[in-house]
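Here is the file protein.cif (mmCIF, C-alpha atoms).
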data_entry
#
loop_
_atom_site.group_PDB
_atom_site.id
_atom_site.type_symbol
_atom_site.label_atom_id
_atom_site.label_comp_id
_atom_site.auth_asym_id
_atom_site.auth_seq_id
_atom_site.Cartn_x
_atom_site.Cartn_y
_atom_site.Cartn_z
ATOM 1 C CA MET A 1348 11.053 142.287 135.334
ATOM 2 C CA ASP A 1349 11.786 145.443 137.257
ATOM 3 C CA ARG A 1350 11.867 148.481 134.990
ATOM 4 C CA ARG A 1351 15.228 149.692 136.385
ATOM 5 C CA ILE A 1352 16.851 146.339 135.692
ATOM 6 C CA LYS A 1353 15.528 146.405 132.132
ATOM 7 C CA TRP A 1354 16.991 149.887 131.534
ATOM 8 C CA PHE A 1355 20.323 148.796 133.009
ATOM 9 C CA ALA A 1356 20.335 145.717 130.766
ATOM 10 C CA TRP A 1357 19.769 147.815 127.643
ATOM 11 C CA LEU A 1358 22.451 150.254 128.777
ATOM 12 C CA ALA A 1359 24.887 147.366 129.292
ATOM 13 C CA ILE A 1360 24.139 146.070 125.804
ATOM 14 C CA ALA A 1361 24.648 149.539 124.286
ATOM 15 C CA ALA A 1362 27.928 150.027 126.158
ATOM 16 C CA GLY A 1363 29.084 146.589 125.049
ATOM 17 C CA ILE A 1364 28.311 147.352 121.408
ATOM 18 C CA ALA A 1365 30.169 150.673 121.668
ATOM 19 C CA LEU A 1366 33.222 149.006 123.196
ATOM 20 C CA ILE A 1367 33.176 146.320 120.518
ATOM 21 C CA GLY A 1368 33.054 149.105 117.909
ATOM 22 C CA PHE A 1369 36.070 150.827 119.480
ATOM 23 C CA ALA A 1370 37.918 147.508 119.534
ATOM 24 C CA VAL A 1371 37.210 146.843 115.853
ATOM 25 C CA ARG A 1372 38.370 150.365 115.015
ATOM 26 C CA ASP A 1373 41.606 149.834 116.961
ATOM 27 C CA PHE A 1374 42.221 146.413 115.393
ATOM 28 C CA THR A 1375 41.805 147.754 111.869
ATOM 29 C CA ALA A 1376 43.641 151.043 112.417
ATOM 30 C CA SER A 1377 47.160 151.180 111.183
ATOM 31 C CA GLY A 1378 49.673 153.598 112.471
ATOM 32 C CA ASP A 1379 51.960 154.241 115.354
ATOM 33 C CA TYR A 1380 49.893 156.163 117.868
ATOM 34 C CA PRO A 1381 49.470 155.712 121.614
ATOM 35 C CA PRO A 1382 46.134 154.680 123.119
ATOM 36 C CA SER A 1383 43.557 157.441 123.081
ATOM 37 C CA GLY A 1384 41.837 159.014 126.051
ATOM 38 C CA LEU A 1385 38.583 157.205 125.241
ATOM 39 C CA SER A 1386 39.571 154.174 127.278
ATOM 40 C CA CYS A 1387 39.566 153.825 131.026
ATOM 41 C CA ARG A 1388 42.809 154.180 132.952
ATOM 42 C CA ALA A 1389 43.243 150.479 133.670
ATOM 43 C CA LEU A 1390 42.964 149.434 130.025
ATOM 44 C CA CYS A 1391 45.174 152.293 128.912
ATOM 45 C CA GLY A 1392 47.759 151.471 131.571
ATOM 46 C CA LEU A 1393 47.921 147.813 130.578
ATOM 47 C CA SER A 1394 48.272 148.716 126.916
ATOM 48 C CA LEU A 1395 51.035 151.226 127.719
ATOM 49 C CA ILE A 1396 52.944 148.526 129.607
ATOM 50 C CA ALA A 1397 52.581 146.218 126.595
ATOM 51 C CA ALA A 1398 53.667 149.057 124.291
ATOM 52 C CA GLU A 1399 56.793 149.672 126.375
ATOM 53 C CA LEU A 1400 57.710 145.998 126.443
ATOM 54 C CA LEU A 1401 56.661 144.870 122.971
ATOM 55 C CA GLY A 1402 56.233 147.994 120.833
ATOM 56 C CA ASN A 1403 53.505 150.489 120.040
ATOM 57 C CA GLU A 1404 51.610 148.308 117.564
ATOM 58 C CA ILE A 1405 51.357 145.444 120.056
ATOM 59 C CA GLY A 1406 50.241 147.898 122.744
ATOM 60 C CA GLN A 1407 47.446 149.102 120.469
ATOM 61 C CA ARG A 1408 46.395 145.504 119.760
ATOM 62 C CA VAL A 1409 46.393 144.714 123.497
ATOM 63 C CA LEU A 1410 44.113 147.711 124.095
ATOM 64 C CA ALA A 1411 41.788 146.559 121.320
ATOM 65 C CA GLY A 1412 41.692 143.024 122.745
ATOM 66 C CA LEU A 1413 40.889 144.298 126.230
ATOM 67 C CA GLN A 1414 38.146 146.555 124.866
ATOM 68 C CA LEU A 1415 36.713 143.639 122.907
ATOM 69 C CA ALA A 1416 36.672 141.407 125.985
ATOM 70 C CA LEU A 1417 35.058 144.115 128.125
ATOM 71 C CA GLY A 1418 32.467 144.853 125.433
ATOM 72 C CA LEU A 1419 31.557 141.186 125.037
ATOM 73 C CA CYS A 1420 31.183 140.766 128.807
ATOM 74 C CA SER A 1421 29.009 143.882 129.073
ATOM 75 C CA ALA A 1422 26.752 142.814 126.207
ATOM 76 C CA ALA A 1423 26.485 139.281 127.606
ATOM 77 C CA LEU A 1424 25.498 140.687 131.008
ATOM 78 C CA GLY A 1425 22.760 142.778 129.409
ATOM 79 C CA VAL A 1426 21.395 139.823 127.441
ATOM 80 C CA LYS A 1427 21.451 137.640 130.553
ATOM 81 C CA LEU A 1428 19.534 140.258 132.535
ATOM 82 C CA ILE A 1429 16.911 140.626 129.809
ATOM 83 C CA LYS A 1430 16.396 136.870 129.611
ATOM 84 C CA GLY A 1431 15.992 136.799 133.387
ATOM 85 C CA ARG A 1432 18.504 134.096 134.225
#
Let me see the file written as structure tokens.
Amino acid sequence: MDRRIKWFAWLAIAAGIALIGFAVRDFTASGDYPPSGLSCRALCGLSLIAAELLGNEIGQRVLAGLQLALGLCSAALGVKLIKGR
């Protein structure tokens, strides 16, 4: 396997684990606060739309769900690259 691809795969796995951690934190957090600046603009924008339509708590849960999905996809990509498929 090319060394650059291996480094990218490990980076994708690390980013996926970090995003999953942020998602778990947001799922378990209670409170009425808007999405933080740690997320990208697209995720934050979608969660703000959900917050406007359905309330702040639902907006926070939407952000956590999107972060979880993105983290799982990133980690799965890294694992797939390491396995060489």
Can you list, as JSON, numbers by chain, every protein, DNA or RNA residue that comes within 9 Å of A:Phe1369 when you count all atoms listed in the file, leaving out same-chain residues fewer than 3 positions away?
-> {"A": [1364, 1365, 1366, 1372, 1373, 1374, 1385, 1411, 1414, 1415]}
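Counting only C-alpha atoms and comparing A:Leu1417, A:Ala1423, A:Ala1356, A:Leu1393, the residue that lies closest to A:Ala1370 is A:Leu1417.
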Any chance you could work out the axis-aligned box around stretch 1348-1365 of chain A, listed atoms only, 4 Å on each side, giving centre and edge lengths in Å to one decimal, as AutoDock Vina command-line options?
--center_x 20.6 --center_y 146.5 --center_z 129.3 --size_x 27.1 --size_y 16.4 --size_z 23.8
Return as a list of chain:residue names the set of residues that the PyMOL selection byres ((chain A and resi 1429) around 12) yields on the displayed structure.
-> A:Met1348, A:Asp1349, A:Arg1350, A:Arg1351, A:Ile1352, A:Lys1353, A:Trp1354, A:Phe1355, A:Ala1356, A:Trp1357, A:Leu1358, A:Ala1359, A:Ile1360, A:Ala1422, A:Ala1423, A:Leu1424, A:Gly1425, A:Val1426, A:Lys1427, A:Leu1428, A:Lys1430, A:Gly1431, A:Arg1432
In Å, rounded to a single decimal, give me how far atom CA of A:Val1371 is from atom CA of A:Cys1420.
-> 15.5 Å
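The two atoms in question, atom CA of A:Gly1368 and atom CA of A:Cys1391, are spaced 16.7 Å apart.
Residues matched by the PyMOL selection byres ((chain A and resi 1406-1409) around 9) in this file: Ala1370, Asp1373, Phe1374, Asp1379, Tyr1380, Pro1381, Pro1382, Leu1390, Leu1393, Ser1394, Leu1395, Ile1396, Ala1397, Ala1398, Glu1399, Leu1400, Leu1401, Gly1402, Asn1403, Glu1404, Ile1405, Leu1410, Ala1411, Gly1412, Leu1413 and Gln1414 of chain A.
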